[in-house]
$ cat model07.cif   # mmCIF, N, CA and C atoms
data_protein
#
loop_
_atom_site.label_atom_id
_atom_site.label_comp_id
_atom_site.auth_asym_id
_atom_site.auth_seq_id
_atom_site.Cartn_x
_atom_site.Cartn_y
_atom_site.Cartn_z
N MET A 1 44.51 -44.74 9.15
CA MET A 1 44.27 -43.38 8.75
C MET A 1 45.26 -42.49 9.49
N PHE A 2 45.87 -41.55 8.80
CA PHE A 2 46.83 -40.65 9.41
C PHE A 2 46.37 -39.22 9.22
N LEU A 3 46.42 -38.44 10.26
CA LEU A 3 46.02 -37.03 10.20
C LEU A 3 47.24 -36.18 10.49
N THR A 4 47.57 -35.29 9.58
CA THR A 4 48.70 -34.41 9.78
C THR A 4 48.20 -33.11 10.40
N ILE A 5 48.92 -32.62 11.40
CA ILE A 5 48.43 -31.49 12.16
C ILE A 5 49.52 -30.46 12.39
N ALA A 6 49.09 -29.24 12.66
CA ALA A 6 50.01 -28.18 13.09
C ALA A 6 49.92 -28.12 14.61
N SER A 7 50.35 -27.02 15.21
CA SER A 7 50.27 -26.94 16.67
C SER A 7 48.84 -26.58 17.08
N ILE A 8 48.11 -27.56 17.49
CA ILE A 8 46.72 -27.40 17.90
C ILE A 8 46.47 -28.26 19.13
N ASP A 9 45.28 -28.16 19.65
CA ASP A 9 44.89 -28.98 20.79
C ASP A 9 44.61 -30.39 20.29
N LEU A 10 45.54 -31.28 20.50
CA LEU A 10 45.44 -32.64 19.97
C LEU A 10 44.29 -33.42 20.60
N VAL A 11 44.02 -33.16 21.86
CA VAL A 11 42.92 -33.85 22.53
C VAL A 11 41.59 -33.44 21.90
N ALA A 12 41.44 -32.15 21.63
CA ALA A 12 40.21 -31.66 21.01
C ALA A 12 40.05 -32.22 19.59
N MET A 13 41.16 -32.32 18.87
CA MET A 13 41.10 -32.85 17.52
C MET A 13 40.66 -34.31 17.53
N GLU A 14 41.24 -35.10 18.42
CA GLU A 14 40.85 -36.50 18.49
C GLU A 14 39.39 -36.64 18.89
N LYS A 15 38.96 -35.82 19.81
CA LYS A 15 37.56 -35.84 20.25
C LYS A 15 36.63 -35.51 19.08
N ALA A 16 37.01 -34.53 18.28
CA ALA A 16 36.21 -34.15 17.12
C ALA A 16 36.12 -35.28 16.11
N VAL A 17 37.26 -35.91 15.82
CA VAL A 17 37.26 -37.00 14.85
C VAL A 17 36.42 -38.16 15.36
N ARG A 18 36.57 -38.49 16.63
CA ARG A 18 35.80 -39.61 17.18
C ARG A 18 34.30 -39.30 17.29
N SER A 19 33.94 -38.03 17.18
CA SER A 19 32.51 -37.68 17.24
C SER A 19 31.76 -38.09 15.97
N ILE A 20 32.51 -38.42 14.93
CA ILE A 20 31.87 -38.88 13.69
C ILE A 20 31.31 -40.27 13.92
N GLU A 21 30.03 -40.39 13.69
CA GLU A 21 29.36 -41.67 13.87
C GLU A 21 28.67 -42.06 12.57
N MET A 22 28.92 -43.26 12.15
CA MET A 22 28.28 -43.82 10.96
C MET A 22 28.04 -45.29 11.23
N GLU A 23 26.95 -45.81 10.69
CA GLU A 23 26.71 -47.24 10.83
C GLU A 23 27.82 -47.98 10.09
N GLY A 24 28.47 -48.90 10.76
CA GLY A 24 29.55 -49.66 10.16
C GLY A 24 30.93 -49.08 10.42
N LEU A 25 31.01 -48.01 11.24
CA LEU A 25 32.28 -47.38 11.58
C LEU A 25 32.55 -47.58 13.06
N HIS A 26 33.72 -48.08 13.38
CA HIS A 26 34.11 -48.29 14.77
C HIS A 26 35.52 -47.75 14.97
N TRP A 27 35.67 -46.81 15.89
CA TRP A 27 36.97 -46.21 16.18
C TRP A 27 37.77 -47.12 17.10
N GLY A 28 39.07 -47.18 16.88
CA GLY A 28 39.96 -48.01 17.68
C GLY A 28 40.98 -47.17 18.42
N ALA A 29 42.13 -47.76 18.64
CA ALA A 29 43.21 -47.11 19.40
C ALA A 29 43.81 -45.96 18.59
N SER A 30 44.46 -45.06 19.32
CA SER A 30 45.14 -43.94 18.66
C SER A 30 46.45 -43.65 19.37
N LYS A 31 47.33 -42.94 18.66
CA LYS A 31 48.58 -42.50 19.27
C LYS A 31 49.11 -41.31 18.47
N LEU A 32 49.98 -40.54 19.12
CA LEU A 32 50.63 -39.43 18.46
C LEU A 32 51.99 -39.91 17.97
N VAL A 33 52.28 -39.62 16.72
CA VAL A 33 53.51 -40.07 16.09
C VAL A 33 54.33 -38.83 15.71
N ALA A 34 55.59 -38.79 16.15
CA ALA A 34 56.47 -37.68 15.81
C ALA A 34 56.84 -37.77 14.33
N VAL A 35 56.67 -36.65 13.64
CA VAL A 35 57.03 -36.58 12.22
C VAL A 35 58.41 -35.97 12.07
N GLY A 36 58.71 -35.00 12.91
CA GLY A 36 60.00 -34.32 12.88
C GLY A 36 59.82 -32.84 13.17
N PHE A 37 60.87 -32.21 13.64
CA PHE A 37 60.86 -30.78 13.95
C PHE A 37 59.74 -30.40 14.91
N GLY A 38 59.41 -31.29 15.83
CA GLY A 38 58.37 -31.02 16.82
C GLY A 38 56.95 -31.19 16.32
N ILE A 39 56.79 -31.65 15.09
CA ILE A 39 55.46 -31.86 14.51
C ILE A 39 55.03 -33.29 14.80
N LYS A 40 53.78 -33.42 15.20
CA LYS A 40 53.22 -34.74 15.46
C LYS A 40 51.97 -34.93 14.62
N LYS A 41 51.64 -36.18 14.39
CA LYS A 41 50.39 -36.49 13.72
C LYS A 41 49.62 -37.49 14.56
N LEU A 42 48.32 -37.42 14.46
CA LEU A 42 47.44 -38.35 15.15
C LEU A 42 47.25 -39.56 14.25
N GLN A 43 47.59 -40.71 14.77
CA GLN A 43 47.35 -41.96 14.05
C GLN A 43 46.22 -42.64 14.80
N ILE A 44 45.12 -42.88 14.09
CA ILE A 44 43.94 -43.45 14.74
C ILE A 44 43.42 -44.60 13.87
N MET A 45 43.14 -45.70 14.51
CA MET A 45 42.63 -46.86 13.78
C MET A 45 41.12 -46.83 13.75
N CYS A 46 40.58 -47.31 12.66
CA CYS A 46 39.14 -47.48 12.59
C CYS A 46 38.84 -48.70 11.73
N THR A 47 37.72 -49.29 12.02
CA THR A 47 37.24 -50.42 11.24
C THR A 47 35.98 -49.98 10.52
N VAL A 48 35.92 -50.23 9.23
CA VAL A 48 34.74 -49.85 8.46
C VAL A 48 34.18 -51.07 7.74
N VAL A 49 32.87 -51.12 7.65
CA VAL A 49 32.19 -52.14 6.87
C VAL A 49 32.01 -51.56 5.48
N ASP A 50 32.67 -52.14 4.48
CA ASP A 50 32.70 -51.58 3.13
C ASP A 50 31.31 -51.30 2.55
N ASP A 51 30.37 -52.16 2.82
CA ASP A 51 29.03 -51.98 2.27
C ASP A 51 28.27 -50.83 2.93
N LEU A 52 28.73 -50.37 4.10
CA LEU A 52 28.01 -49.34 4.84
C LEU A 52 28.74 -47.99 4.89
N VAL A 53 30.06 -48.00 4.80
CA VAL A 53 30.83 -46.77 4.97
C VAL A 53 31.71 -46.53 3.74
N SER A 54 31.59 -45.36 3.18
CA SER A 54 32.47 -44.94 2.10
C SER A 54 33.68 -44.25 2.73
N VAL A 55 34.87 -44.75 2.42
CA VAL A 55 36.08 -44.17 2.97
C VAL A 55 36.22 -42.72 2.51
N GLU A 56 35.82 -42.42 1.29
CA GLU A 56 35.88 -41.06 0.79
C GLU A 56 34.97 -40.13 1.60
N ASP A 57 33.76 -40.61 1.93
CA ASP A 57 32.85 -39.81 2.76
C ASP A 57 33.43 -39.58 4.14
N LEU A 58 34.07 -40.61 4.70
CA LEU A 58 34.68 -40.48 6.02
C LEU A 58 35.80 -39.45 5.98
N GLN A 59 36.64 -39.49 4.95
CA GLN A 59 37.72 -38.51 4.83
C GLN A 59 37.16 -37.10 4.71
N GLU A 60 36.10 -36.92 3.95
CA GLU A 60 35.48 -35.60 3.80
C GLU A 60 34.96 -35.09 5.14
N LYS A 61 34.33 -35.97 5.91
CA LYS A 61 33.82 -35.57 7.22
C LYS A 61 34.95 -35.15 8.15
N ILE A 62 36.05 -35.88 8.12
CA ILE A 62 37.19 -35.53 8.96
C ILE A 62 37.79 -34.20 8.52
N GLN A 63 37.91 -33.99 7.22
CA GLN A 63 38.50 -32.76 6.71
C GLN A 63 37.62 -31.54 6.94
N GLU A 64 36.36 -31.73 7.31
CA GLU A 64 35.49 -30.61 7.66
C GLU A 64 35.96 -29.92 8.94
N PHE A 65 36.76 -30.60 9.75
CA PHE A 65 37.32 -29.99 10.95
C PHE A 65 38.55 -29.17 10.55
N GLU A 66 38.33 -28.13 9.77
CA GLU A 66 39.42 -27.35 9.18
C GLU A 66 40.34 -26.72 10.22
N ASP A 67 39.83 -26.45 11.41
CA ASP A 67 40.67 -25.85 12.45
C ASP A 67 41.71 -26.85 12.96
N TYR A 68 41.48 -28.12 12.76
CA TYR A 68 42.35 -29.16 13.28
C TYR A 68 43.12 -29.91 12.20
N VAL A 69 42.47 -30.26 11.13
CA VAL A 69 43.01 -31.22 10.17
C VAL A 69 43.56 -30.50 8.93
N GLN A 70 44.81 -30.81 8.60
CA GLN A 70 45.39 -30.30 7.36
C GLN A 70 45.27 -31.30 6.24
N SER A 71 45.41 -32.60 6.55
CA SER A 71 45.30 -33.63 5.53
C SER A 71 45.01 -34.96 6.19
N THR A 72 44.53 -35.88 5.38
CA THR A 72 44.30 -37.25 5.85
C THR A 72 44.98 -38.21 4.88
N ASP A 73 45.31 -39.36 5.38
CA ASP A 73 45.96 -40.38 4.57
C ASP A 73 45.49 -41.74 5.06
N ILE A 74 45.07 -42.56 4.13
CA ILE A 74 44.59 -43.89 4.49
C ILE A 74 45.56 -44.92 3.98
#
$ encode --input "model07.cif" --output "structure tokens"
Amino acid sequence: MFLTIASIDLVAMEKAVRSIEMEGLHWGASKLVAVGFGIKKLQIMCTVVDDLVSVEDLQEKIQEFEDYVQSTDI
């Protein structure tokens, strides 16, 4: 999953995303990836159990953090 961001508090954004808890969802490692022109995106791994977690629902929950998240990509 890739999250594109503007200049925001990246630590707070990651904390917000990791606060999402769902049965069958497990957050993994993350890193900041330079996109260009000083823009970075948060790349965070997660494991989902298909029968328990809808990827679309997860994306919607992440995008609810409008102050942090501009877009998501799986």
$ resolve_selection --input "model07.cif" --expression "the PyMOL selection byres (((chain A and resi 8-12 and name CA) around 12) and name CA)" --output "list in words"
Leu3, Thr4, Ile5, Ala6, Ser7, Met13, Glu14, Lys15, Ala16, Val17, Arg18, Ser19, Ser30, Lys31, Leu32, Val33, Ile39, Lys40, Lys41, Leu42, Gln43, Phe65, Glu66, Asp67, Tyr68, Val69 and Gln70 of chain A
$ write_last_selection --input "model07.cif" --atoms "N, CA and C atoms" --output "tab-separated table (two decimals), keeping the file's coordinate frame"
chain	number	residue	atom	x	y	z
A	3	LEU	N	46.42	-38.44	10.26
A	3	LEU	CA	46.02	-37.03	10.20
A	3	LEU	C	47.24	-36.18	10.49
A	4	THR	N	47.57	-35.29	9.58
A	4	THR	CA	48.70	-34.41	9.78
A	4	THR	C	48.20	-33.11	10.40
A	5	ILE	N	48.92	-32.62	11.40
A	5	ILE	CA	48.43	-31.49	12.16
A	5	ILE	C	49.52	-30.46	12.39
A	6	ALA	N	49.09	-29.24	12.66
A	6	ALA	CA	50.01	-28.18	13.09
A	6	ALA	C	49.92	-28.12	14.61
A	7	SER	N	50.35	-27.02	15.21
A	7	SER	CA	50.27	-26.94	16.67
A	7	SER	C	48.84	-26.58	17.08
A	13	MET	N	41.16	-32.32	18.87
A	13	MET	CA	41.10	-32.85	17.52
A	13	MET	C	40.66	-34.31	17.53
A	14	GLU	N	41.24	-35.10	18.42
A	14	GLU	CA	40.85	-36.50	18.49
A	14	GLU	C	39.39	-36.64	18.89
A	15	LYS	N	38.96	-35.82	19.81
A	15	LYS	CA	37.56	-35.84	20.25
A	15	LYS	C	36.63	-35.51	19.08
A	16	ALA	N	37.01	-34.53	18.28
A	16	ALA	CA	36.21	-34.15	17.12
A	16	ALA	C	36.12	-35.28	16.11
A	17	VAL	N	37.26	-35.91	15.82
A	17	VAL	CA	37.26	-37.00	14.85
A	17	VAL	C	36.42	-38.16	15.36
A	18	ARG	N	36.57	-38.49	16.63
A	18	ARG	CA	35.80	-39.61	17.18
A	18	ARG	C	34.30	-39.30	17.29
A	19	SER	N	33.94	-38.03	17.18
A	19	SER	CA	32.51	-37.68	17.24
A	19	SER	C	31.76	-38.09	15.97
A	30	SER	N	44.46	-45.06	19.32
A	30	SER	CA	45.14	-43.94	18.66
A	30	SER	C	46.45	-43.65	19.37
A	31	LYS	N	47.33	-42.94	18.66
A	31	LYS	CA	48.58	-42.50	19.27
A	31	LYS	C	49.11	-41.31	18.47
A	32	LEU	N	49.98	-40.54	19.12
A	32	LEU	CA	50.63	-39.43	18.46
A	32	LEU	C	51.99	-39.91	17.97
A	33	VAL	N	52.28	-39.62	16.72
A	33	VAL	CA	53.51	-40.07	16.09
A	33	VAL	C	54.33	-38.83	15.71
A	39	ILE	N	56.79	-31.65	15.09
A	39	ILE	CA	55.46	-31.86	14.51
A	39	ILE	C	55.03	-33.29	14.80
A	40	LYS	N	53.78	-33.42	15.20
A	40	LYS	CA	53.22	-34.74	15.46
A	40	LYS	C	51.97	-34.93	14.62
A	41	LYS	N	51.64	-36.18	14.39
A	41	LYS	CA	50.39	-36.49	13.72
A	41	LYS	C	49.62	-37.49	14.56
A	42	LEU	N	48.32	-37.42	14.46
A	42	LEU	CA	47.44	-38.35	15.15
A	42	LEU	C	47.25	-39.56	14.25
A	43	GLN	N	47.59	-40.71	14.77
A	43	GLN	CA	47.35	-41.96	14.05
A	43	GLN	C	46.22	-42.64	14.80
A	65	PHE	N	36.76	-30.60	9.75
A	65	PHE	CA	37.32	-29.99	10.95
A	65	PHE	C	38.55	-29.17	10.55
A	66	GLU	N	38.33	-28.13	9.77
A	66	GLU	CA	39.42	-27.35	9.18
A	66	GLU	C	40.34	-26.72	10.22
A	67	ASP	N	39.83	-26.45	11.41
A	67	ASP	CA	40.67	-25.85	12.45
A	67	ASP	C	41.71	-26.85	12.96
A	68	TYR	N	41.48	-28.12	12.76
A	68	TYR	CA	42.35	-29.16	13.28
A	68	TYR	C	43.12	-29.91	12.20
A	69	VAL	N	42.47	-30.26	11.13
A	69	VAL	CA	43.01	-31.22	10.17
A	69	VAL	C	43.56	-30.50	8.93
A	70	GLN	N	44.81	-30.81	8.60
A	70	GLN	CA	45.39	-30.30	7.36
A	70	GLN	C	45.27	-31.30	6.24
$ resolve_selection --input "model07.cif" --expression "the PyMOL selection byres (((chain A and resi 46 and name CA) around 8) and name CA)" --output "MDAnalysis selection string"
chainID A and resid 1 25:29 44:45 47:48
$ atom_distance --input "model07.cif" --atom1 "atom CA of Val49 of chain A" --atom2 "atom N of Ala34 of chain A"
28.5 Å
$ select_by_dssp --input "model07.cif" --residues "segment 10-66 of chain A" --states "strand (DSSP E)" --output "ChimeraX atom specification"
/A:25-36,39-48
$ select_by_dssp --input "model07.cif" --residues "chain A" --states "helix (DSSP H, G or I)" --output "list in words"
Leu10, Val11, Ala12, Met13, Glu14, Lys15, Ala16, Val17, Arg18, Val55, Glu56, Asp57, Leu58, Gln59, Glu60, Lys61, Ile62 and Gln63 of chain A
$ atom_distance --input "model07.cif" --atom1 "atom CA of Asp50 of chain A" --atom2 "atom C of Ile20 of chain A"
15.7 Å
$ atom_distance --input "model07.cif" --atom1 "atom CA of Gly24 of chain A" --atom2 "atom N of Ile74 of chain A"
18.1 Å
$ residues_around --input "model07.cif" --residues "Leu58 of chain A" --least-positions-apart "4" --cutoff "9 Å" --atoms "only C-alpha atoms" --output "VMD selection string"
chain A and resid 20 22 53 to 54 62 to 63
$ closest_residue --input "model07.cif" --among "A:Phe37, A:Gln59, A:Asp51, A:Glu21" --to "Thr72 of chain A" --atoms "only N, CA and C atoms"
A:Gln59
$ build_atoms --input "model07.cif" --residues "segment 49-63 of chain A" --atoms "N, CA, C and O atoms" --output "compact mmCIF listing (two decimals), keeping the file's coordinate frame"
# COMPACT_ATOMS: atom_id res chain seq x y z
N VAL A 49 32.87 -51.12 7.65
CA VAL A 49 32.19 -52.14 6.87
C VAL A 49 32.01 -51.56 5.48
O VAL A 49 31.33 -50.54 5.31
N ASP A 50 32.67 -52.14 4.48
CA ASP A 50 32.70 -51.58 3.13
C ASP A 50 31.31 -51.30 2.55
O ASP A 50 31.12 -50.30 1.86
N ASP A 51 30.37 -52.16 2.82
CA ASP A 51 29.03 -51.98 2.27
C ASP A 51 28.27 -50.83 2.93
O ASP A 51 27.29 -50.36 2.38
N LEU A 52 28.73 -50.37 4.10
CA LEU A 52 28.01 -49.34 4.84
C LEU A 52 28.74 -47.99 4.89
O LEU A 52 28.09 -46.95 5.01
N VAL A 53 30.06 -48.00 4.80
CA VAL A 53 30.83 -46.77 4.97
C VAL A 53 31.71 -46.53 3.74
O VAL A 53 32.48 -47.39 3.35
N SER A 54 31.59 -45.36 3.18
CA SER A 54 32.47 -44.94 2.10
C SER A 54 33.68 -44.25 2.73
O SER A 54 33.54 -43.30 3.51
N VAL A 55 34.87 -44.75 2.42
CA VAL A 55 36.08 -44.17 2.97
C VAL A 55 36.22 -42.72 2.51
O VAL A 55 36.66 -41.85 3.27
N GLU A 56 35.82 -42.42 1.29
CA GLU A 56 35.88 -41.06 0.79
C GLU A 56 34.97 -40.13 1.60
O GLU A 56 35.34 -39.00 1.94
N ASP A 57 33.76 -40.61 1.93
CA ASP A 57 32.85 -39.81 2.76
C ASP A 57 33.43 -39.58 4.14
O ASP A 57 33.32 -38.49 4.70
N LEU A 58 34.07 -40.61 4.70
CA LEU A 58 34.68 -40.48 6.02
C LEU A 58 35.80 -39.45 5.98
O LEU A 58 35.89 -38.59 6.86
N GLN A 59 36.64 -39.49 4.95
CA GLN A 59 37.72 -38.51 4.83
C GLN A 59 37.16 -37.10 4.71
O GLN A 59 37.67 -36.17 5.33
N GLU A 60 36.10 -36.92 3.95
CA GLU A 60 35.48 -35.60 3.80
C GLU A 60 34.96 -35.09 5.14
O GLU A 60 35.13 -33.91 5.47
N LYS A 61 34.33 -35.97 5.91
CA LYS A 61 33.82 -35.57 7.22
C LYS A 61 34.95 -35.15 8.15
O LYS A 61 34.83 -34.19 8.90
N ILE A 62 36.05 -35.88 8.12
CA ILE A 62 37.19 -35.53 8.96
C ILE A 62 37.79 -34.20 8.52
O ILE A 62 38.12 -33.35 9.35
N GLN A 63 37.91 -33.99 7.22
CA GLN A 63 38.50 -32.76 6.71
C GLN A 63 37.62 -31.54 6.94
O GLN A 63 38.10 -30.41 6.81
